[in-house]
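Heads up, data.cif below (mmCIF, C-alpha atoms):
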```
data_upload
loop_
_atom_site.label_atom_id
_atom_site.label_comp_id
_atom_site.auth_asym_id
_atom_site.auth_seq_id
_atom_site.Cartn_x
_atom_site.Cartn_y
_atom_site.Cartn_z
CA MET A 83 -95.97 -1.08 -15.11
CA THR A 84 -99.19 0.83 -15.41
CA ARG A 85 -99.77 3.43 -18.06
CA PHE A 86 -99.84 6.23 -15.49
CA LYS A 87 -96.48 5.21 -14.00
CA THR A 88 -94.94 5.03 -17.47
CA ILE A 89 -96.21 8.50 -18.34
CA ARG A 90 -94.97 9.84 -15.00
CA MET A 91 -91.54 8.24 -15.49
CA PHE A 92 -91.11 9.84 -18.92
CA ALA A 93 -92.29 13.21 -17.57
CA LEU A 94 -89.66 13.06 -14.82
CA LEU A 95 -86.99 11.97 -17.31
CA ARG A 96 -87.90 14.91 -19.55
CA GLN A 97 -87.73 17.30 -16.60
CA ALA A 98 -84.32 15.97 -15.54
CA THR A 99 -82.99 16.24 -19.09
CA LEU A 100 -84.21 19.83 -19.42
CA PHE A 101 -82.66 20.66 -16.05
CA CYS A 102 -79.28 19.39 -17.34
CA VAL A 103 -79.62 21.31 -20.61
CA VAL A 104 -80.38 24.50 -18.67
CA GLY A 105 -77.36 23.82 -16.45
CA PHE A 106 -75.02 23.52 -19.42
CA THR A 107 -76.54 26.63 -20.99
CA ASN A 108 -75.96 28.42 -17.70
CA LEU A 109 -72.33 27.29 -17.73
CA PHE A 110 -71.92 28.75 -21.21
CA VAL A 111 -73.57 32.08 -20.30
CA ASP A 112 -71.51 32.42 -17.11
CA THR A 113 -68.26 31.60 -18.90
CA ALA A 114 -69.03 33.93 -21.81
CA ALA A 115 -69.87 36.79 -19.43
CA TYR A 116 -66.70 36.18 -17.41
CA TYR A 117 -64.51 35.99 -20.50
CA SER A 118 -66.07 39.14 -21.95
CA ALA A 119 -65.71 41.12 -18.74
CA TYR A 120 -62.16 39.91 -18.10
CA HIS A 121 -60.71 40.22 -21.61
CA TYR A 122 -62.77 42.92 -23.29
CA GLY A 123 -63.87 44.94 -20.29
CA HIS A 124 -60.44 44.70 -18.65
CA PHE A 125 -61.97 43.89 -15.26
CA ASN A 126 -59.86 42.04 -12.73
CA TYR A 127 -60.84 38.42 -12.14
CA LEU A 128 -62.97 39.12 -9.05
CA ALA A 129 -64.93 41.91 -10.72
CA ALA A 130 -65.43 39.73 -13.80
CA GLN A 131 -66.79 36.97 -11.57
CA ALA A 132 -69.07 39.47 -9.83
CA VAL A 133 -70.50 40.36 -13.26
CA SER A 134 -70.76 36.83 -14.64
CA TYR A 135 -72.40 35.15 -11.64
CA PRO A 136 -75.62 37.22 -11.75
CA CYS A 137 -75.79 36.71 -15.52
CA GLY A 138 -75.71 32.95 -15.02
CA ALA A 139 -78.17 33.05 -12.14
CA ILE A 140 -80.68 35.15 -14.06
CA ASN A 141 -80.33 32.91 -17.10
CA SER A 142 -80.84 29.82 -14.96
CA TYR A 143 -83.91 31.27 -13.24
CA PHE A 144 -85.72 32.20 -16.43
CA LEU A 145 -84.84 29.07 -18.40
CA ASN A 146 -85.78 26.75 -15.54
CA ARG A 147 -88.99 28.70 -14.98
CA ARG A 148 -89.90 28.58 -18.67
CA LEU A 149 -88.70 25.10 -19.64
CA THR A 150 -88.03 22.80 -16.73
CA PHE A 151 -90.65 23.68 -14.16
CA ALA A 152 -93.39 24.99 -16.44
CA LYS A 153 -96.78 23.78 -15.34
CA ARG A 154 -98.15 21.14 -17.66
CA GLY A 155 -101.65 19.77 -17.40
CA GLY A 156 -102.76 16.17 -17.58
CA LEU A 157 -100.78 14.60 -14.77
CA THR A 158 -101.86 14.25 -11.20
CA PRO A 159 -99.51 13.87 -8.24
CA MET A 160 -98.24 10.34 -7.70
CA LYS A 161 -99.61 8.66 -4.60
CA CYS A 162 -97.41 6.35 -2.58
#
```
Go ahead and express the file in the form of structure tokens.
Amino acid sequence: MTRFKTIRMFALLRQATLFCVVGFTNLFVDTAAYYSAYHYGHFNYLAAQAVSYPCGAINSYFLNRRLTFAKRGGLTPMKC
């Protein structure tokens, strides 16, 4: 395996790992927002879901933008 392919493989593995970490963080944020709205805000379950879903989506957007898909220099596109 060439050095470039090895570097590319580790870069993709890092990106996939960060994507999973962001996904689990999103699960936590969505669940925490739902629980808070349902139990502390006394919303019904549909209203609590309507509050928690955008919280998770916004969290996912910003974390993926900042961590997972941030532009990093040094690598060129792989040619087939």
>> Going by the chain IDs and residue numbers used in this file, which residues fall under the PyMOL selection byres ((chain A and resi 104-116) around 6)? Write them as a VMD selection string.
In response: chain A and resid 101 to 103 117 to 120 130 to 131 134 138 142
>> For a test of reading the model, state the distance in Å between atom CA of Gln97 of chain A and atom CA of Phe151 of chain A, rounded to one decimal.
In response: 7.4 Å
Expected axis-aligned box over every listed atom of segment 103-118 of chain A, 5 Å added per side, centre plus edges in Å to one decimal, as lines of an AutoDock Vina configuration file:
```
center_x = -72.4
center_y = 30.2
center_z = -19.2
size_x = 25.9
size_y = 27.8
size_z = 15.5
```
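Interatomic distance, atom CA of Pro136 of chain A to atom CA of Ala98 of chain A: 23.3 Å.
The space separating atom CA of Phe125 of chain A from atom CA of Cys137 of chain A comes to 15.6 Å.
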>> Would you pick out the contacts of Leu100 of chain A at 10 Å or less, using only C-alpha atoms, so that residues sharing its chain but fewer than 6 positions from it are not included, and give the list as a list in words?
In response: Leu94, Phe106, Leu145, Asn146, Leu149, Thr150 and Phe151 of chain A
